[in-house]
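Trainee: Once you've had a glance at the structure underneath, I'll fire off some questions.
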Amino acid sequence: MSLEVERKFICDADTLKTLEELGAVCVGQQQFLDQYFDNPQFDLTLRDMWLRKRKGCWELKCPAEETSGEQSRAAALCTRYKEIITLHEIQLRVAEVIPDVCEDRDAETASSHQDESWLSRRNLACFAEFTTVRQSFNLEEGGVQIDLDQADFGYHVGELEVVVPEGGDVQAALEKIERTAQKLGLTGDQRVEGKMTIFLKRYHPEHYAKLLSAHIL
């Protein structure tokens with residue numbers, strides 16, 4: 001299970017120019033649809049668990065515990081999530097939070113990415129859906145991916161991301177992200193809002209307010 005360490009930043013017309021001046025290499029452009037799922041009580045998202053389907057595959061992002069060495073400014077500007085991509089493990093994690101409303105529990109073991117009956121058995125429904133166009137870049141210093149995202153609801157945001165293998169050095173990832181942020185001239189001491197935060201604030205204010213009061217957002 002990998003750990004995603006990520007810092008978001010505001011990107012504008014000058015960002016591409018800055019990347020070009022730094023010698024960044026474009027490693028791809030893609031467009032993808034994200035669909036996020038929860039039950040009516042928001043039992044997953046109120047635990048900072050984000051179940052989504054992207055390009056036909058399921059992913060679950062769960063919060064990672066901070067260690068004592070991560071209480072720096074760089075750490076405060078980053079998020080850390082464990083990413084689970086194995087469907088069976090995703091279903092097990094979700095089951096720990098939301099019990100099955102049906103008796104046929106054996107059916108879940110045979111489900112696939114195409115079989116979505118396990119969602120209805122836990123009363124899970126899509127609460128957010130949007131398309132993102134993403135450009136990805138790498139700098140000479142390896143290990144940090146720079147993504148520039150444009151969501152179809154009019155929000156632009158950049159992301160600096162390092163994927164840390166299980167048991168890997170999170171502090172080293174934070175330092176890589178900080179060095180890259182300095183090269184890009186990023187300033188500020190507040191976390192930049194991500195696509196989901198803006199989407200919920202605009203289109204689902206009640207859900208947003210509950211997450212805000214629970215200190216998830």
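Residue numbers start at 1 in each chain; chains themselves are named A, B, ... in the order of the structure tokens; ligands are numbered from 1 in the order shown.
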What's the 10 Å shell around Pro99 of chain A, counting only C-alpha atoms, without same-chain residues fewer than 2 positions away, as a list in words?
Mentor: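 After dropping sequence-adjacent residues, the list is Val94, Ala95, Glu96, Val97, Val101, Cys102, Arg121, Arg122 and Asn123 of chain A.
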Trainee: Sort by chain and increasing residue number a table of all residues of segment 82-170 of chain A within 7 Å of segment 31-43 of chain A, each with its closest pair of atoms and their distance in Å to one decimal, counting only C-alpha atoms, and write it as a tab-separated table.
Mentor:
residue	atom	partner	partner_atom	distance
A:Val97	CA	A:Asp43	CA	7.0
A:Asn123	CA	A:Asn39	CA	5.5
A:Leu124	CA	A:Asn39	CA	4.5
A:Ala125	CA	A:Phe37	CA	5.2
A:Cys126	CA	A:Phe37	CA	4.3
A:Phe127	CA	A:Phe37	CA	5.7
A:Ala128	CA	A:Tyr36	CA	5.2
A:Glu129	CA	A:Gln35	CA	4.5
A:Phe130	CA	A:Asp34	CA	5.6
A:Thr131	CA	A:Leu33	CA	4.3
A:Thr132	CA	A:Phe32	CA	5.5
A:Val133	CA	A:Gln31	CA	4.4
A:Arg134	CA	A:Gln31	CA	6.2
Trainee: As an exercise, work out the distance from atom CA of Arg179 of chain A to atom CA of Cys62 of chain A in Å and give it to one decimal place.
Mentor: 26.0 Å
Trainee: Provide the atom CA of Val157 of chain A to atom CA of Phe9 of chain A distance in Å, to one decimal place.
Mentor: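 The value is 6.0 Å.
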Trainee: Could you check which of A:Ala172, A:Val164, A:Leu184, A:Ile85 is closest to Ser2 of chain A, using only C-alpha atoms?
Mentor: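 For Ser2 of chain A, the nearest of the candidates is A:Val164.
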Trainee: What are the closest atom pairs, with distances in Å to one decimal, for all residues of segment 5-62 of chain A lying within 12 Å of segment 146-150 of chain A? Consider only C-alpha atoms, order rows by chain and residue number, and present the result as a tab-separated table.
Mentor:
residue	atom	partner	partner_atom	distance
A:Glu6	CA	A:Ile146	CA	9.8
A:Arg7	CA	A:Ile146	CA	9.8
A:Lys8	CA	A:Asp147	CA	9.3
A:Phe9	CA	A:Leu148	CA	9.3
A:Ile10	CA	A:Leu148	CA	9.3
A:Cys11	CA	A:Leu148	CA	7.2
A:Asp12	CA	A:Leu148	CA	9.5
A:Ala13	CA	A:Leu148	CA	11.1
A:Thr15	CA	A:Leu148	CA	8.8
A:Leu16	CA	A:Leu148	CA	8.9
A:Leu19	CA	A:Ile146	CA	9.4
A:Ala24	CA	A:Ile146	CA	9.1
A:Val25	CA	A:Ile146	CA	9.9
A:Cys26	CA	A:Ile146	CA	9.2
A:Val27	CA	A:Ile146	CA	9.7
A:Gly28	CA	A:Asp147	CA	9.7
A:Gln29	CA	A:Asp147	CA	9.4
A:Gln30	CA	A:Asp149	CA	9.8
A:Gln31	CA	A:Gln150	CA	9.5
A:Phe32	CA	A:Asp149	CA	10.6
A:Leu33	CA	A:Gln150	CA	12.0
Trainee: Per DSSP on the backbone, filter segment 67-190 of chain A down to the residues in strand (DSSP E) and report them as JSON, numbers by chain.
Mentor: {"A": [79, 80, 81, 82, 83, 84, 125, 126, 127, 128, 129, 130, 131, 132, 133, 134, 135, 136, 137, 138, 145, 146, 147, 148, 149, 150, 151, 156, 157, 158, 159, 160, 161, 162, 163, 164]}
Trainee: Return the single residue from A:Tyr203, A:Trp58, A:Tyr208, A:Tyr81 that is closest to Pro165 of chain A, with distances computed using only C-alpha atoms.
Mentor: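 Among the listed residues, A:Tyr81 lies closest to Pro165 of chain A.
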Trainee: Please extract the residues of segment 81-159 of chain A with a backbone DSSP assignment of alpha helix (DSSP H) and present them as an NGL selection string.
Mentor: :A and (87-97 or 117-121)
Trainee: Between atom CA of Phe137 of chain A and atom CA of Ala181 of chain A, what is the distance in Å, rounded to a tenth?
Mentor: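 That distance, rounded to one decimal, is 13.5 Å.
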Trainee: What's around Leu77 of chain A at 12 Å? Count only C-alpha atoms, leave out sequence neighbours fewer than 4 positions away in its own chain, and write the answer as a PyMOL selection string.
Mentor: chain A and resi 5-9+70-73+159-160+174-175+177-178+181+186-193
Trainee: With N, CA and C atoms retained, write the just-selected residues as a PDB file, in the first residue's frame.
Mentor:
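Full text of selection.pdb as output:
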ATOM      1  N   VAL A   5       1.988  11.707  -0.732  1.00  0.00           N
ATOM      2  CA  VAL A   5       2.273  12.964  -0.052  1.00  0.00           C
ATOM      3  C   VAL A   5       2.113  14.059  -1.096  1.00  0.00           C
ATOM      4  N   GLU A   6       1.258  15.036  -0.804  1.00  0.00           N
ATOM      5  CA  GLU A   6       0.853  15.971  -1.856  1.00  0.00           C
ATOM      6  C   GLU A   6       0.699  17.383  -1.313  1.00  0.00           C
ATOM      7  N   ARG A   7       1.163  18.333  -2.100  1.00  0.00           N
ATOM      8  CA  ARG A   7       0.941  19.757  -1.799  1.00  0.00           C
ATOM      9  C   ARG A   7       0.270  20.400  -2.996  1.00  0.00           C
ATOM     10  N   LYS A   8      -0.827  21.065  -2.756  1.00  0.00           N
ATOM     11  CA  LYS A   8      -1.549  21.761  -3.827  1.00  0.00           C
ATOM     12  C   LYS A   8      -1.080  23.211  -3.910  1.00  0.00           C
ATOM     13  N   PHE A   9      -1.218  23.783  -5.108  1.00  0.00           N
ATOM     14  CA  PHE A   9      -0.846  25.184  -5.291  1.00  0.00           C
ATOM     15  C   PHE A   9      -1.722  25.796  -6.373  1.00  0.00           C
ATOM     16  N   GLU A  70       7.190  15.105  11.561  1.00  0.00           N
ATOM     17  CA  GLU A  70       6.560  15.768  10.424  1.00  0.00           C
ATOM     18  C   GLU A  70       5.846  17.071  10.789  1.00  0.00           C
ATOM     19  N   GLN A  71       6.141  17.630  11.945  1.00  0.00           N
ATOM     20  CA  GLN A  71       5.430  18.825  12.382  1.00  0.00           C
ATOM     21  C   GLN A  71       6.126  20.101  11.909  1.00  0.00           C
ATOM     22  N   SER A  72       6.453  20.179  10.657  1.00  0.00           N
ATOM     23  CA  SER A  72       7.137  21.336  10.095  1.00  0.00           C
ATOM     24  C   SER A  72       6.167  22.135   9.232  1.00  0.00           C
ATOM     25  N   ARG A  73       6.631  23.298   8.771  1.00  0.00           N
ATOM     26  CA  ARG A  73       5.819  24.102   7.865  1.00  0.00           C
ATOM     27  C   ARG A  73       5.543  23.318   6.593  1.00  0.00           C
ATOM     28  N   GLU A 159      -0.614  20.374  -8.343  1.00  0.00           N
ATOM     29  CA  GLU A 159      -0.289  19.428  -7.273  1.00  0.00           C
ATOM     30  C   GLU A 159       1.169  18.988  -7.409  1.00  0.00           C
ATOM     31  N   LEU A 160       1.864  18.988  -6.299  1.00  0.00           N
ATOM     32  CA  LEU A 160       3.195  18.393  -6.210  1.00  0.00           C
ATOM     33  C   LEU A 160       3.034  17.098  -5.445  1.00  0.00           C
ATOM     34  N   LEU A 174       8.663  14.960   1.969  1.00  0.00           N
ATOM     35  CA  LEU A 174       8.294  16.339   2.306  1.00  0.00           C
ATOM     36  C   LEU A 174       9.392  17.311   1.885  1.00  0.00           C
ATOM     37  N   GLU A 175      10.631  16.923   2.085  1.00  0.00           N
ATOM     38  CA  GLU A 175      11.748  17.795   1.716  1.00  0.00           C
ATOM     39  C   GLU A 175      11.847  17.958   0.197  1.00  0.00           C
ATOM     40  N   ILE A 177       9.327  17.823  -1.909  1.00  0.00           N
ATOM     41  CA  ILE A 177       8.223  18.698  -2.291  1.00  0.00           C
ATOM     42  C   ILE A 177       8.555  20.144  -1.963  1.00  0.00           C
ATOM     43  N   GLU A 178       9.161  20.381  -0.801  1.00  0.00           N
ATOM     44  CA  GLU A 178       9.512  21.751  -0.410  1.00  0.00           C
ATOM     45  C   GLU A 178      10.537  22.342  -1.368  1.00  0.00           C
ATOM     46  N   ALA A 181       8.767  23.218  -4.556  1.00  0.00           N
ATOM     47  CA  ALA A 181       7.922  24.403  -4.350  1.00  0.00           C
ATOM     48  C   ALA A 181       8.759  25.677  -4.395  1.00  0.00           C
ATOM     49  N   LEU A 186       6.696  29.131  -5.112  1.00  0.00           N
ATOM     50  CA  LEU A 186       5.438  29.066  -4.356  1.00  0.00           C
ATOM     51  C   LEU A 186       5.628  29.674  -2.977  1.00  0.00           C
ATOM     52  N   THR A 187       4.689  30.492  -2.592  1.00  0.00           N
ATOM     53  CA  THR A 187       4.728  31.135  -1.276  1.00  0.00           C
ATOM     54  C   THR A 187       3.417  30.854  -0.554  1.00  0.00           C
ATOM     55  N   GLY A 188       3.319  31.366   0.651  1.00  0.00           N
ATOM     56  CA  GLY A 188       2.095  31.187   1.416  1.00  0.00           C
ATOM     57  C   GLY A 188       2.250  30.105   2.464  1.00  0.00           C
ATOM     58  N   ASP A 189       1.498  30.243   3.543  1.00  0.00           N
ATOM     59  CA  ASP A 189       1.591  29.292   4.639  1.00  0.00           C
ATOM     60  C   ASP A 189       0.247  28.629   4.921  1.00  0.00           C
ATOM     61  N   GLN A 190      -0.662  28.679   3.932  1.00  0.00           N
ATOM     62  CA  GLN A 190      -1.960  28.028   4.073  1.00  0.00           C
ATOM     63  C   GLN A 190      -2.119  26.980   2.969  1.00  0.00           C
ATOM     64  N   ARG A 191      -2.765  25.875   3.320  1.00  0.00           N
ATOM     65  CA  ARG A 191      -3.043  24.859   2.313  1.00  0.00           C
ATOM     66  C   ARG A 191      -3.992  25.401   1.251  1.00  0.00           C
ATOM     67  N   VAL A 192      -3.720  25.064   0.016  1.00  0.00           N
ATOM     68  CA  VAL A 192      -4.589  25.459  -1.093  1.00  0.00           C
ATOM     69  C   VAL A 192      -5.710  24.431  -1.222  1.00  0.00           C
ATOM     70  N   GLU A 193      -6.911  24.920  -1.465  1.00  0.00           N
ATOM     71  CA  GLU A 193      -8.060  24.024  -1.556  1.00  0.00           C
ATOM     72  C   GLU A 193      -7.993  23.166  -2.817  1.00  0.00           C
TER      73      GLU A 193
END
Trainee: Need to verify the contact set: Lys82 of chain A, 12 Å, only C-alpha atoms, exclusion of same-chain residues closer than 2 positions in sequence. Can you return it as JSON, numbers by chain?
Mentor: {"A": [1, 2, 3, 4, 5, 6, 48, 49, 50, 51, 59, 60, 61, 62, 63, 64, 65, 66, 79, 80, 84, 85, 90, 93, 163, 164, 165, 166, 167, 170]}
